[in-house]
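K.L.:
Take a look at this one; I'll ask things after.
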Amino acid sequence: MDVFYINIAEFKNSHDKDFLIPYSDKSFKSEKRFYEYGLGRYLVKSVAKEVYGIDDAEIIVENTGKPIFKNSDIQFCISHSNNIVMASFDKNPCGLDIEFIKTRNIEKLSEHFGQKFANSDDFYKFWTLKEASYKLNSEVKAKYCAKFENYYLTIVSNNDLNFSISEFLHNDIIKLSCNKLCK
């Protein structure tokens, strides 16, 4: 599995907003949402071409709402939070969620979800695993959970999880790498 990300603020400093127009087939009420969506598609299509050799990286949406490549069996999953857009890629289905860590009322969250969270790490591990598992849409057989800068990250797979931190693909896109499993 490969995982790549783009820092939105850094991207904005080096690119004009119009750069993302070809990657966004929708209109958005907020600029934030435009960047999240457009950068997600830019990231996926760039990696598809540069890493996997997929010349026609057209993305379609399944009936379930999951985006997939129209002309490739490579699976991908996109997540974004605050200033990061991230995507995972694999030959098997994969799920990914990233959440910016902020102060939360742990007591209220414990009550709301009906389980006791000892601290914010417990909550973020629970939440990102829930979201990544939903995106995987099959049995979770392997997972990786960790803090990443000011974020909490969870990656799941229905197969073995062995993914490769901090290798630049080019100026915008950074590849993560790791060989740990989180149980």
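Each chain of the structure tokens is named A, B, ... in the order shown, its residues numbered from 1; ligands are numbered from 1 in display order.
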Each residue of range 69-115 of chain A with at least one atom at most 12 Å from range 50-55 of chain A should appear once, together with its nearest atom pair and the corresponding distance in Å (one decimal); atoms considered: only C-alpha atoms; ordering: chain, then increasing residue number; output as JSON lines.

P.N.:
```
{"residue": "A:Phe69", "atom": "CA", "partner": "A:Ile54", "partner_atom": "CA", "distance": 9.4}
{"residue": "A:Lys70", "atom": "CA", "partner": "A:Ile54", "partner_atom": "CA", "distance": 10.6}
{"residue": "A:Asn71", "atom": "CA", "partner": "A:Ile54", "partner_atom": "CA", "distance": 8.2}
{"residue": "A:Ser72", "atom": "CA", "partner": "A:Ile54", "partner_atom": "CA", "distance": 7.3}
{"residue": "A:Asp73", "atom": "CA", "partner": "A:Ile54", "partner_atom": "CA", "distance": 10.2}
{"residue": "A:Ile74", "atom": "CA", "partner": "A:Tyr52", "partner_atom": "CA", "distance": 8.3}
{"residue": "A:Gln75", "atom": "CA", "partner": "A:Tyr52", "partner_atom": "CA", "distance": 11.1}
{"residue": "A:Phe76", "atom": "CA", "partner": "A:Tyr52", "partner_atom": "CA", "distance": 11.7}
{"residue": "A:Phe89", "atom": "CA", "partner": "A:Tyr52", "partner_atom": "CA", "distance": 9.5}
{"residue": "A:Asp90", "atom": "CA", "partner": "A:Tyr52", "partner_atom": "CA", "distance": 10.1}
{"residue": "A:Lys91", "atom": "CA", "partner": "A:Tyr52", "partner_atom": "CA", "distance": 10.5}
```

K.L.:
Check the smallest atom-to-atom distance from each of A:Ile155, A:Met1, A:Ala87, A:Ala9 to Val44 in chain A using only C-alpha atoms, then report the winner.

P.N.:
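Looking at the shortest contact to Val44 in chain A, the residue is A:Ala87.
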
K.L.:
May I ask which of the residues A:Asp122, A:Glu131, A:Glu107, A:Glu62 is the closest one to Ser79 in chain A, counting only C-alpha atoms?

P.N.:
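The shortest atom-to-atom distance to Ser79 in chain A comes from A:Glu131.
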
K.L.:
Fewer than 6 positions away in the same chain doesn't count, so skip those; otherwise give me all residues within 7 Å of Asn7 in chain A, counting only C-alpha atoms, as an mmCIF file with C-alpha atoms, in the first residue's frame.

P.N.:
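Heads up, here's the output in around_11.cif:
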```
data_model
loop_
_atom_site.group_PDB
_atom_site.id
_atom_site.type_symbol
_atom_site.label_atom_id
_atom_site.label_comp_id
_atom_site.auth_asym_id
_atom_site.auth_seq_id
_atom_site.Cartn_x
_atom_site.Cartn_y
_atom_site.Cartn_z
ATOM 1 C CA ASN A 83 -4.599 21.441 6.003
ATOM 2 C CA ILE A 84 -3.940 17.917 4.713
ATOM 3 C CA VAL A 85 -5.368 15.964 1.783
#
```

K.L.:
Go through A:Leu43, A:Ala118, A:Ile98, A:Ile8 one by one, measure the shortest atom-to-atom distance of each to Ala132 in chain A using only C-alpha atoms, and give the residue with the smallest value.

P.N.:
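Smallest distance to Ala132 in chain A is found for A:Ile98.
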
K.L.:
Please extract the residues of range 61-159 of chain A with a backbone DSSP assignment of helix (DSSP H, G or I) and present them as a list in words.

P.N.:
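Matching residues, listed in order: Ile106, Glu107, Lys108, Leu109, Ser110, Glu111, His112, Phe113, Ser120, Asp121, Asp122, Phe123, Tyr124, Lys125, Phe126, Trp127, Thr128, Leu129, Lys130, Glu131, Ala132, Ser133, Tyr134, Lys135 and Leu136 of chain A.
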
K.L.:
DSSP on the backbone: which residues in range 41-136 of chain A end up as strand (DSSP E)? Give the answer as number ranges by chain.

P.N.:
A: 59-61, 67-69, 75-81, 84-90, 94-100

K.L.:
Could you write those residues out with N, CA and C atoms, as a tab-separated table (two decimals), in the first residue's frame?

P.N.:
```tsv
chain	number	residue	atom	x	y	z
A	59	ILE	N	-12.03	9.03	-12.92
A	59	ILE	CA	-12.65	8.57	-11.68
A	59	ILE	C	-14.16	8.58	-11.86
A	60	ILE	N	-14.77	7.47	-11.49
A	60	ILE	CA	-16.23	7.38	-11.47
A	60	ILE	C	-16.65	7.06	-10.04
A	61	VAL	N	-17.92	7.24	-9.76
A	61	VAL	CA	-18.44	6.98	-8.41
A	61	VAL	C	-19.40	5.80	-8.47
A	67	PRO	N	-15.56	6.54	-4.79
A	67	PRO	CA	-14.90	6.82	-6.07
A	67	PRO	C	-13.91	5.70	-6.42
A	68	ILE	N	-13.87	5.35	-7.69
A	68	ILE	CA	-12.94	4.32	-8.18
A	68	ILE	C	-12.41	4.76	-9.55
A	69	PHE	N	-11.31	4.13	-9.97
A	69	PHE	CA	-10.83	4.37	-11.32
A	69	PHE	C	-11.72	3.60	-12.30
A	75	GLN	N	-7.05	0.31	-6.24
A	75	GLN	CA	-8.02	0.89	-5.30
A	75	GLN	C	-7.41	2.13	-4.65
A	76	PHE	N	-8.23	3.09	-4.28
A	76	PHE	CA	-7.74	4.27	-3.57
A	76	PHE	C	-8.79	4.76	-2.59
A	77	CYS	N	-8.34	5.55	-1.65
A	77	CYS	CA	-9.22	6.16	-0.66
A	77	CYS	C	-8.66	7.54	-0.35
A	78	ILE	N	-9.54	8.54	-0.25
A	78	ILE	CA	-9.15	9.92	0.01
A	78	ILE	C	-9.69	10.37	1.36
A	79	SER	N	-8.90	11.14	2.08
A	79	SER	CA	-9.35	11.78	3.32
A	79	SER	C	-8.72	13.16	3.40
A	80	HIS	N	-9.40	14.07	4.07
A	80	HIS	CA	-8.84	15.41	4.26
A	80	HIS	C	-9.29	15.95	5.61
A	81	SER	N	-8.45	16.76	6.18
A	81	SER	CA	-8.76	17.42	7.44
A	81	SER	C	-7.86	18.62	7.58
A	84	ILE	N	-4.51	19.09	5.37
A	84	ILE	CA	-3.94	17.92	4.71
A	84	ILE	C	-5.00	17.23	3.85
A	85	VAL	N	-4.59	16.86	2.64
A	85	VAL	CA	-5.37	15.96	1.78
A	85	VAL	C	-4.49	14.74	1.60
A	86	MET	N	-5.04	13.56	1.87
A	86	MET	CA	-4.26	12.33	1.86
A	86	MET	C	-5.01	11.26	1.07
A	87	ALA	N	-4.25	10.37	0.44
A	87	ALA	CA	-4.87	9.26	-0.30
A	87	ALA	C	-4.02	8.00	-0.14
A	88	SER	N	-4.70	6.87	-0.03
A	88	SER	CA	-4.03	5.57	0.00
A	88	SER	C	-4.35	4.84	-1.29
A	89	PHE	N	-3.41	3.98	-1.71
A	89	PHE	CA	-3.54	3.22	-2.95
A	89	PHE	C	-3.11	1.78	-2.69
A	90	ASP	N	-3.83	0.84	-3.26
A	90	ASP	CA	-3.44	-0.56	-3.11
A	90	ASP	C	-4.14	-1.39	-4.18
A	94	CYS	N	-8.91	-0.43	0.34
A	94	CYS	CA	-8.23	0.22	1.45
A	94	CYS	C	-9.12	1.33	2.01
A	95	GLY	N	-8.92	1.65	3.26
A	95	GLY	CA	-9.64	2.73	3.91
A	95	GLY	C	-8.65	3.63	4.62
A	96	LEU	N	-8.98	4.90	4.71
A	96	LEU	CA	-8.07	5.89	5.28
A	96	LEU	C	-8.88	7.00	5.91
A	97	ASP	N	-8.45	7.46	7.08
A	97	ASP	CA	-9.05	8.66	7.65
A	97	ASP	C	-7.97	9.42	8.39
A	98	ILE	N	-8.02	10.73	8.26
A	98	ILE	CA	-7.11	11.62	8.97
A	98	ILE	C	-7.95	12.71	9.61
A	99	GLU	N	-7.65	13.02	10.86
A	99	GLU	CA	-8.39	14.05	11.60
A	99	GLU	C	-7.41	14.97	12.30
A	100	PHE	N	-7.65	16.27	12.17
A	100	PHE	CA	-6.86	17.27	12.88
A	100	PHE	C	-7.18	17.15	14.36
```
